[in-house]
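Heads up, upload36.cif below (mmCIF, C-alpha atoms and all ligand atoms):
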```cif
data_target
loop_
_atom_site.label_atom_id
_atom_site.label_comp_id
_atom_site.auth_asym_id
_atom_site.auth_seq_id
_atom_site.Cartn_x
_atom_site.Cartn_y
_atom_site.Cartn_z
CA MET A 1 19.41 -18.83 -2.67
CA SER A 2 17.13 -16.29 -1.05
CA PHE A 3 13.90 -17.21 0.74
CA LEU A 4 11.81 -15.24 -1.78
CA THR A 5 13.12 -16.96 -4.91
CA LYS A 6 10.20 -18.30 -6.94
CA HIS A 7 7.72 -16.15 -4.99
CA LYS A 8 5.48 -13.68 -6.76
CA VAL A 9 4.66 -10.55 -4.77
CA LEU A 10 1.99 -7.97 -5.48
CA ILE A 11 2.80 -4.45 -4.24
CA THR A 12 0.70 -1.30 -4.56
CA ALA A 13 2.36 2.12 -4.59
CA GLY A 14 1.76 5.85 -4.73
CA PRO A 15 -1.38 7.94 -4.71
CA THR A 16 -4.40 7.59 -6.95
CA HIS A 17 -5.75 10.43 -9.07
CA GLU A 18 -9.53 10.73 -9.22
CA PRO A 19 -10.58 12.87 -12.21
CA ILE A 20 -12.79 15.93 -11.77
CA ASP A 21 -12.65 16.83 -15.46
CA PRO A 22 -10.06 16.19 -18.25
CA VAL A 23 -7.48 18.52 -16.65
CA ARG A 24 -8.11 18.26 -12.88
CA PHE A 25 -8.05 15.52 -10.30
CA ILE A 26 -8.22 14.82 -6.57
CA GLY A 27 -4.95 13.31 -5.31
CA ASN A 28 -2.79 13.12 -2.21
CA ARG A 29 0.82 13.67 -1.14
CA SER A 30 2.05 10.07 -1.38
CA SER A 31 5.43 9.92 -3.17
CA GLY A 32 5.49 6.13 -3.59
CA LYS A 33 9.03 6.01 -2.13
CA MET A 34 8.18 3.50 0.61
CA ALA A 35 6.49 1.06 -1.77
CA TYR A 36 9.20 1.35 -4.45
CA ALA A 37 11.83 0.66 -1.79
CA ILE A 38 9.88 -2.45 -0.74
CA ALA A 39 9.61 -3.58 -4.37
CA GLU A 40 13.37 -3.22 -4.89
CA VAL A 41 14.37 -4.94 -1.64
CA PHE A 42 11.96 -7.82 -2.35
CA ALA A 43 13.20 -8.19 -5.95
CA GLU A 44 16.81 -8.24 -4.72
CA ALA A 45 15.77 -11.03 -2.34
CA GLY A 46 14.68 -13.10 -5.35
CA ALA A 47 10.98 -12.30 -5.70
CA VAL A 48 9.16 -11.59 -8.92
CA VAL A 49 7.34 -8.34 -8.16
CA VAL A 50 4.18 -6.94 -9.75
CA LEU A 51 4.18 -3.26 -8.77
CA VAL A 52 0.76 -1.71 -9.33
CA SER A 53 1.64 1.95 -9.20
CA GLY A 54 -0.35 5.15 -9.12
CA PRO A 55 1.22 8.28 -10.70
CA VAL A 56 4.69 8.84 -9.16
CA GLN A 57 8.02 10.38 -10.19
CA LEU A 58 9.97 7.17 -9.63
CA GLN A 59 11.54 4.38 -11.67
CA ALA A 60 11.73 0.77 -10.52
CA ASN A 61 15.37 -0.33 -10.73
CA HIS A 62 15.28 -4.10 -10.99
CA PRO A 63 14.58 -6.45 -13.92
CA ASN A 64 12.31 -8.60 -11.72
CA ILE A 65 9.89 -5.73 -11.12
CA GLN A 66 6.97 -5.46 -13.53
CA VAL A 67 5.35 -2.04 -13.18
CA VAL A 68 1.60 -1.89 -13.89
CA PRO A 69 0.77 1.82 -14.11
CA VAL A 70 -2.70 2.95 -13.03
CA GLU A 71 -4.32 6.29 -12.24
CA THR A 72 -7.56 5.79 -10.36
CA ALA A 73 -8.62 3.70 -7.37
CA ALA A 74 -10.94 1.72 -9.67
CA GLN A 75 -8.05 0.89 -12.05
CA MET A 76 -5.85 -0.11 -9.09
CA TYR A 77 -8.64 -2.39 -7.83
CA ASP A 78 -8.96 -4.12 -11.22
CA ALA A 79 -5.19 -4.55 -11.62
CA CYS A 80 -4.81 -6.01 -8.10
CA HIS A 81 -7.57 -8.54 -8.70
CA GLN A 82 -6.02 -9.48 -12.04
CA TYR A 83 -2.68 -10.43 -10.40
CA TYR A 84 -3.54 -11.43 -6.80
CA SER A 85 -4.49 -15.06 -7.41
CA SER A 86 -1.05 -15.79 -8.91
CA CYS A 87 0.81 -14.11 -6.00
CA GLN A 88 1.81 -15.68 -2.68
CA ILE A 89 2.41 -12.37 -0.94
CA ALA A 90 0.76 -8.96 -1.26
CA VAL A 91 1.91 -5.69 0.29
CA LEU A 92 -0.63 -2.90 -0.14
CA ALA A 93 1.23 0.32 0.51
CA ALA A 94 -0.65 2.69 -1.83
CA ALA A 95 -2.47 5.74 -0.52
CA VAL A 96 -5.72 4.94 -2.32
CA ALA A 97 -8.37 7.67 -2.50
CA ASP A 98 -11.27 6.80 -0.21
CA TYR A 99 -13.64 8.87 -2.37
CA THR A 100 -13.90 9.51 -6.08
CA VAL A 101 -15.89 12.08 -8.06
CA ALA A 102 -19.39 10.76 -8.78
CA ASN A 103 -19.71 12.21 -12.28
CA PRO A 104 -16.44 13.57 -13.69
CA ALA A 105 -17.08 16.14 -16.44
CA ASP A 106 -15.96 15.20 -19.94
CA LYS A 107 -15.15 18.85 -20.75
CA LYS A 108 -13.11 21.29 -18.66
CA ILE A 109 -15.37 22.83 -16.02
CA LYS A 110 -15.67 26.60 -16.61
CA LYS A 111 -15.46 29.03 -13.72
CA GLN A 112 -18.95 30.13 -12.67
CA GLY A 113 -20.48 31.41 -9.43
CA ASP A 114 -18.73 31.72 -6.04
CA ASN A 115 -19.03 28.08 -5.02
CA LEU A 116 -18.63 24.73 -6.69
CA THR A 117 -19.86 21.52 -5.11
CA LEU A 118 -18.46 18.14 -6.14
CA GLU A 119 -20.32 14.99 -5.27
CA LEU A 120 -17.98 12.25 -4.04
CA VAL A 121 -18.71 8.54 -3.70
CA GLN A 122 -16.73 5.97 -1.77
CA THR A 123 -14.18 3.84 -3.64
CA LYS A 124 -13.85 0.10 -3.09
CA ASP A 125 -11.36 -0.91 -0.39
CA ILE A 126 -8.80 -2.93 -2.37
CA LEU A 127 -7.04 -4.38 0.66
CA MET A 128 -10.30 -5.50 2.27
CA SER A 129 -11.46 -7.08 -0.99
CA LEU A 130 -8.20 -9.09 -1.24
CA GLY A 131 -8.63 -10.14 2.41
CA GLN A 132 -12.02 -11.58 1.46
CA VAL A 133 -10.59 -13.84 -1.26
CA LYS A 134 -7.24 -14.61 0.46
CA SER A 135 -6.31 -18.30 0.72
CA ASN A 136 -4.46 -19.92 3.65
CA GLU A 137 -1.32 -20.05 1.52
CA GLN A 138 -1.29 -16.30 0.87
CA VAL A 139 0.21 -13.64 3.12
CA LEU A 140 -1.51 -10.25 3.07
CA ILE A 141 0.22 -7.15 4.44
CA GLY A 142 -1.39 -3.73 4.80
CA PHE A 143 -0.28 -0.26 5.81
CA ALA A 144 -1.99 2.13 8.17
CA LEU A 145 -1.40 5.85 8.34
CA GLU A 146 -2.82 7.25 11.56
CA THR A 147 -2.73 10.59 13.35
CA ASN A 148 -4.45 9.53 16.57
CA ASP A 149 -5.27 6.31 18.50
CA ALA A 150 -2.74 4.72 16.16
CA ILE A 151 -2.42 1.24 17.68
CA ALA A 152 -6.16 0.79 18.26
CA ASN A 153 -7.01 1.96 14.72
CA ALA A 154 -4.33 -0.21 13.13
CA LYS A 155 -5.57 -3.28 15.06
CA LYS A 156 -9.10 -2.61 13.79
CA LYS A 157 -7.85 -2.49 10.18
CA LEU A 158 -5.79 -5.66 10.67
CA LEU A 159 -8.87 -7.54 11.79
CA ALA A 160 -11.42 -6.00 9.40
CA LYS A 161 -9.20 -6.57 6.35
CA ASN A 162 -8.09 -10.12 7.32
CA LEU A 163 -4.37 -9.29 7.30
CA ASP A 164 -1.34 -11.25 8.46
CA PHE A 165 0.28 -8.05 9.63
CA ILE A 166 -0.02 -4.31 9.31
CA VAL A 167 2.72 -1.70 9.04
CA LEU A 168 1.80 1.37 11.02
CA ASN A 169 3.23 4.82 10.49
CA THR A 170 2.02 7.90 12.26
CA LEU A 171 2.45 11.40 10.92
CA GLN A 172 3.23 12.53 14.50
CA ASP A 173 6.73 11.09 14.30
CA GLU A 174 9.30 13.65 13.16
CA GLY A 175 10.76 12.55 9.78
CA ALA A 176 8.07 9.92 9.12
CA GLY A 177 5.49 9.76 6.36
CA PHE A 178 4.74 11.21 2.98
CA ARG A 179 7.35 13.83 2.18
CA HIS A 180 10.38 12.26 3.81
CA ASP A 181 13.12 9.83 2.80
CA THR A 182 12.88 8.34 6.28
CA ASN A 183 10.10 6.50 8.07
CA LYS A 184 9.34 5.16 11.54
CA ILE A 185 7.12 2.11 11.70
CA SER A 186 5.59 -0.41 14.05
CA ILE A 187 4.39 -3.79 12.86
CA ILE A 188 1.37 -5.44 14.45
CA ASN A 189 0.68 -9.06 13.53
CA LYS A 190 -2.58 -10.98 13.68
CA TYR A 191 -1.59 -12.37 17.10
CA ASN A 192 -1.50 -8.77 18.38
CA LYS A 193 2.27 -8.75 18.77
CA ILE A 194 3.66 -5.22 18.34
CA THR A 195 7.24 -4.63 17.14
CA ASN A 196 8.61 -1.07 17.10
CA PHE A 197 11.39 0.09 14.79
CA GLU A 198 13.64 3.17 14.86
CA LEU A 199 13.40 6.10 12.46
CA LYS A 200 15.50 5.21 9.41
CA ASP A 201 15.90 5.55 5.65
CA LYS A 202 12.93 4.07 3.73
CA ARG A 203 15.20 1.47 2.11
CA LEU A 204 16.25 0.22 5.54
CA VAL A 205 12.59 0.23 6.61
CA ALA A 206 11.84 -1.93 3.56
CA GLN A 207 14.62 -4.30 4.66
CA ASP A 208 13.08 -4.48 8.17
CA ILE A 209 9.72 -5.43 6.60
CA LEU A 210 11.44 -8.12 4.51
CA ASN A 211 13.25 -9.53 7.58
CA TYR A 212 10.01 -9.49 9.57
CA LEU A 213 8.24 -11.36 6.75
CA GLU A 214 10.99 -13.98 6.60
CA GLU A 215 10.66 -14.62 10.34
CA TYR A 216 6.85 -14.63 10.11
CA LEU A 217 6.88 -17.22 7.30
CA ARG A 218 9.31 -19.40 9.22
CA GLU A 219 7.14 -19.32 12.34
CA MET A 220 3.87 -19.79 10.45
CA LYS A 221 5.32 -22.34 8.05
CA VAL A 222 3.24 -20.79 5.27
CA VAL A 223 4.21 -20.03 1.67
N1 LIG A 301 -6.52 0.68 1.10
C1 LIG A 301 -6.93 0.07 -0.08
N2 LIG A 301 -8.00 0.55 -0.76
C2 LIG A 301 -8.68 1.64 -0.32
C3 LIG A 301 -8.26 2.28 0.88
C4 LIG A 301 -7.18 1.77 1.56
O1 LIG A 301 -6.31 -0.93 -0.51
N3 LIG A 301 -9.72 2.10 -1.04
C5 LIG A 301 -5.39 0.09 1.84
C6 LIG A 301 -4.12 0.94 1.89
O2 LIG A 301 -3.27 0.65 0.79
C7 LIG A 301 -3.50 0.51 3.21
C8 LIG A 301 -4.72 0.18 4.07
O3 LIG A 301 -5.81 -0.05 3.17
O4 LIG A 301 -2.75 -0.68 3.07
C9 LIG A 301 -5.12 1.23 5.07
O5 LIG A 301 -5.29 2.46 4.44
P1 LIG A 301 -5.70 3.74 5.30
O6 LIG A 301 -5.86 4.91 4.37
O7 LIG A 301 -4.75 3.88 6.48
O8 LIG A 301 -7.07 3.31 5.92
P2 LIG A 301 -8.55 3.26 5.45
O9 LIG A 301 -8.97 1.83 5.52
O10 LIG A 301 -8.75 3.98 4.15
O11 LIG A 301 -9.30 4.01 6.64
P3 LIG A 301 -9.26 5.55 7.11
O12 LIG A 301 -8.89 6.35 5.88
O13 LIG A 301 -10.64 5.78 7.60
O14 LIG A 301 -8.22 5.62 8.20
#
```
Could you write out this structure as structure tokens?
Amino acid sequence: MSFLTKHKVLITAGPTHEPIDPVRFIGNRSSGKMAYAIAEVFAEAGAVVVLVSGPVQLQANHPNIQVVPVETAAQMYDACHQYYSSCQIAVLAAAVADYTVANPADKKIKKQGDNLTLELVQTKDILMSLGQVKSNEQVLIGFALETNDAIANAKKKLLAKNLDFIVLNTLQDEGAGFRHDTNKISIINKYNKITNFELKDKRLVAQDILNYLEEYLREMKVV
């Protein structure tokens, strides 16, 4: 019997799409591959997975994965808060928009003038909001995508969002990040311990995260 049997895990995946008008949106290049790989590896290890997913071109291939499709950061926030209290573990790997359009138009915006200005307002930070309601029995895992001062920035996020550990990937590493099937990560835990991993296929990265979690739970004696 696997160590995750009977555990419910919340995972967020993919980008969010913030509407400008009925036919246009602001998005990002997240493919969702890393998060879907985590969902599959965790489900194979016995977990029941709730996968709150932004718009991606992927299918979840395991009967224990329940996909909750969302489009916007606000919908992802609501879905996460709906499921979080019943989950023991949460892995927030989505590339959530930090800003959304203040007043999306309800009709297609017609071309006019040389310039168009959109007013953007900040979205709610889902991970931080879960950190604020997290109980001692829950394990909260975040991701950080950094281009500079990676370790220092990731440590700040770990602390500010009340995480157990954070998975850091930097776009500087060849073959890592959004458009690749491979990734290169470091994990920093709340005791400031840094573990570096080699560049590898995202499925093997997901397995590394699962193994790290198993060790972390054993040491912490939580969950
Ligand atoms: N995150 C989230 N909700 C947001 C923004 C981010 O849940 N509105 C989560 C991401 O899923 C990830 C972590 O926060 O697990 C860090 O995301 P990242 O984009 O690296 O950092 P930000 O906190 O948005 O900070 P910045 O963009 O300034 O680096």
ask   = range 146-159 of chain A: which residues within 7 Å, counting all atoms listed in the file, same-chain residues fewer than 5 positions away excluded, as a ChimeraX atom specification?
value = /A:165-166,168-172,190
Using only C-alpha atoms and all ligand atoms, find each residue of chain A with at least one atom at most 7 Å away from an atom of ligand LIG 301 (chain A); report its shortest atom-to-atom pair and that distance in Å (one decimal), sort the rows by chain and rising residue number, and return the result as a Markdown table.
```
| residue | atom | partner | partner_atom | distance |
| --- | --- | --- | --- | --- |
| A:Thr12 | CA | A:LIG301 | O2 | 6.9 |
| A:Ala73 | CA | A:LIG301 | N3 | 6.6 |
| A:Leu92 | CA | A:LIG301 | O4 | 4.4 |
| A:Ala93 | CA | A:LIG301 | O2 | 4.5 |
| A:Ala94 | CA | A:LIG301 | O2 | 4.2 |
| A:Ala95 | CA | A:LIG301 | O2 | 5.3 |
| A:Val96 | CA | A:LIG301 | C2 | 4.9 |
| A:Ala97 | CA | A:LIG301 | N3 | 5.9 |
| A:Asp98 | CA | A:LIG301 | N3 | 5.0 |
| A:Thr123 | CA | A:LIG301 | N3 | 5.4 |
| A:Lys124 | CA | A:LIG301 | N3 | 5.0 |
| A:Asp125 | CA | A:LIG301 | N3 | 3.5 |
| A:Ile126 | CA | A:LIG301 | O1 | 3.7 |
| A:Leu127 | CA | A:LIG301 | O1 | 3.7 |
| A:Met128 | CA | A:LIG301 | O1 | 6.7 |
| A:Gly142 | CA | A:LIG301 | O4 | 3.8 |
| A:Phe143 | CA | A:LIG301 | O4 | 3.7 |
| A:Ala144 | CA | A:LIG301 | O7 | 3.7 |
| A:Leu145 | CA | A:LIG301 | O7 | 4.3 |
| A:Glu146 | CA | A:LIG301 | O7 | 6.4 |
| A:Lys157 | CA | A:LIG301 | O9 | 6.5 |
```
Calculate, to one decimal in Å, the centre and edge lengths of the box along x, y and z of the file that holds all listed atoms of range 58-75 of chain A with 5 Å of margin on each side, and present them as JSON.
```
{"center_x": 2.2, "center_y": -0.7, "center_z": -10.7, "size_x": 36.3, "size_y": 25.8, "size_z": 16.7}
```
Test item: residues at most 9 Å from range 82-84 of chain A, all atoms listed in the file, excluding those fewer than 2 positions along its chain, as a ChimeraX atom specification = /A:9-10,50,77-80,86-90,130,134
ask   = With distances taken over all atoms listed in the file, which of A:Ile141, A:Ala74, A:Asn64, A:Ile20 is nearest to Leu210 in chain A?
value = A:Ile141
query = Quick one, how far is CA of Leu116 in chain A from CA of Glu18 in chain A?
reply =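 Separation between CA of Leu116 in chain A and CA of Glu18 in chain A: 16.9 Å.
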inquiry  = Need the shell around Val70 in chain A: protein/DNA/RNA residues with any atom at most 10 Å away, counting only C-alpha atoms. Skip same-chain ones fewer than 6 positions apart. Format as a list in words?
reply    =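 Counting only the stated atoms, we get Ala13, Gly14, Pro15, Thr16, His17, Val52, Ser53, Gly54, Pro55, Met76, Tyr77, Asp78 and Ala79 of chain A.
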With C-alpha atoms retained, export the selected residues as a PDB file, keeping the file's coordinate frame.
```
ATOM      1  CA  ALA A  13       2.360   2.120  -4.590  1.00  0.00           C
ATOM      2  CA  GLY A  14       1.760   5.850  -4.730  1.00  0.00           C
ATOM      3  CA  PRO A  15      -1.380   7.940  -4.710  1.00  0.00           C
ATOM      4  CA  THR A  16      -4.400   7.590  -6.950  1.00  0.00           C
ATOM      5  CA  HIS A  17      -5.750  10.430  -9.070  1.00  0.00           C
ATOM      6  CA  VAL A  52       0.760  -1.710  -9.330  1.00  0.00           C
ATOM      7  CA  SER A  53       1.640   1.950  -9.200  1.00  0.00           C
ATOM      8  CA  GLY A  54      -0.350   5.150  -9.120  1.00  0.00           C
ATOM      9  CA  PRO A  55       1.220   8.280 -10.700  1.00  0.00           C
ATOM     10  CA  MET A  76      -5.850  -0.110  -9.090  1.00  0.00           C
ATOM     11  CA  TYR A  77      -8.640  -2.390  -7.830  1.00  0.00           C
ATOM     12  CA  ASP A  78      -8.960  -4.120 -11.220  1.00  0.00           C
ATOM     13  CA  ALA A  79      -5.190  -4.550 -11.620  1.00  0.00           C
TER      14      ALA A  79
END
```
ask   = Between A:Thr182, A:Asn211, A:Gln75, A:Gln122, which is the closest to Lys33 in chain A once you count all atoms listed in the file?
value = A:Thr182
task = Just give me the gap between CA of Pro63 in chain A and CA of Leu217 in chain A in Å, one decimal is fine.
result =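 Distance between the two atoms: 25.0 Å.
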Ref. answer, residues at most 12 Å from (17.1, 3.7, 13.8) with all atoms listed in the file, as a PDB file with C-alpha atoms, in the frame of the given file:
```pdb
ATOM      1  CA  GLY A 175      10.760  12.550   9.780  1.00  0.00           C
ATOM      2  CA  ALA A 176       8.070   9.920   9.120  1.00  0.00           C
ATOM      3  CA  THR A 182      12.880   8.340   6.280  1.00  0.00           C
ATOM      4  CA  ASN A 183      10.100   6.500   8.070  1.00  0.00           C
ATOM      5  CA  LYS A 184       9.340   5.160  11.540  1.00  0.00           C
ATOM      6  CA  ILE A 185       7.120   2.110  11.700  1.00  0.00           C
ATOM      7  CA  ASN A 196       8.610  -1.070  17.100  1.00  0.00           C
ATOM      8  CA  PHE A 197      11.390   0.090  14.790  1.00  0.00           C
ATOM      9  CA  GLU A 198      13.640   3.170  14.860  1.00  0.00           C
ATOM     10  CA  LEU A 199      13.400   6.100  12.460  1.00  0.00           C
ATOM     11  CA  LYS A 200      15.500   5.210   9.410  1.00  0.00           C
ATOM     12  CA  ASP A 201      15.900   5.550   5.650  1.00  0.00           C
ATOM     13  CA  LYS A 202      12.930   4.070   3.730  1.00  0.00           C
ATOM     14  CA  LEU A 204      16.250   0.220   5.540  1.00  0.00           C
ATOM     15  CA  VAL A 205      12.590   0.230   6.610  1.00  0.00           C
ATOM     16  CA  ASP A 208      13.080  -4.480   8.170  1.00  0.00           C
TER      17      ASP A 208
END
```
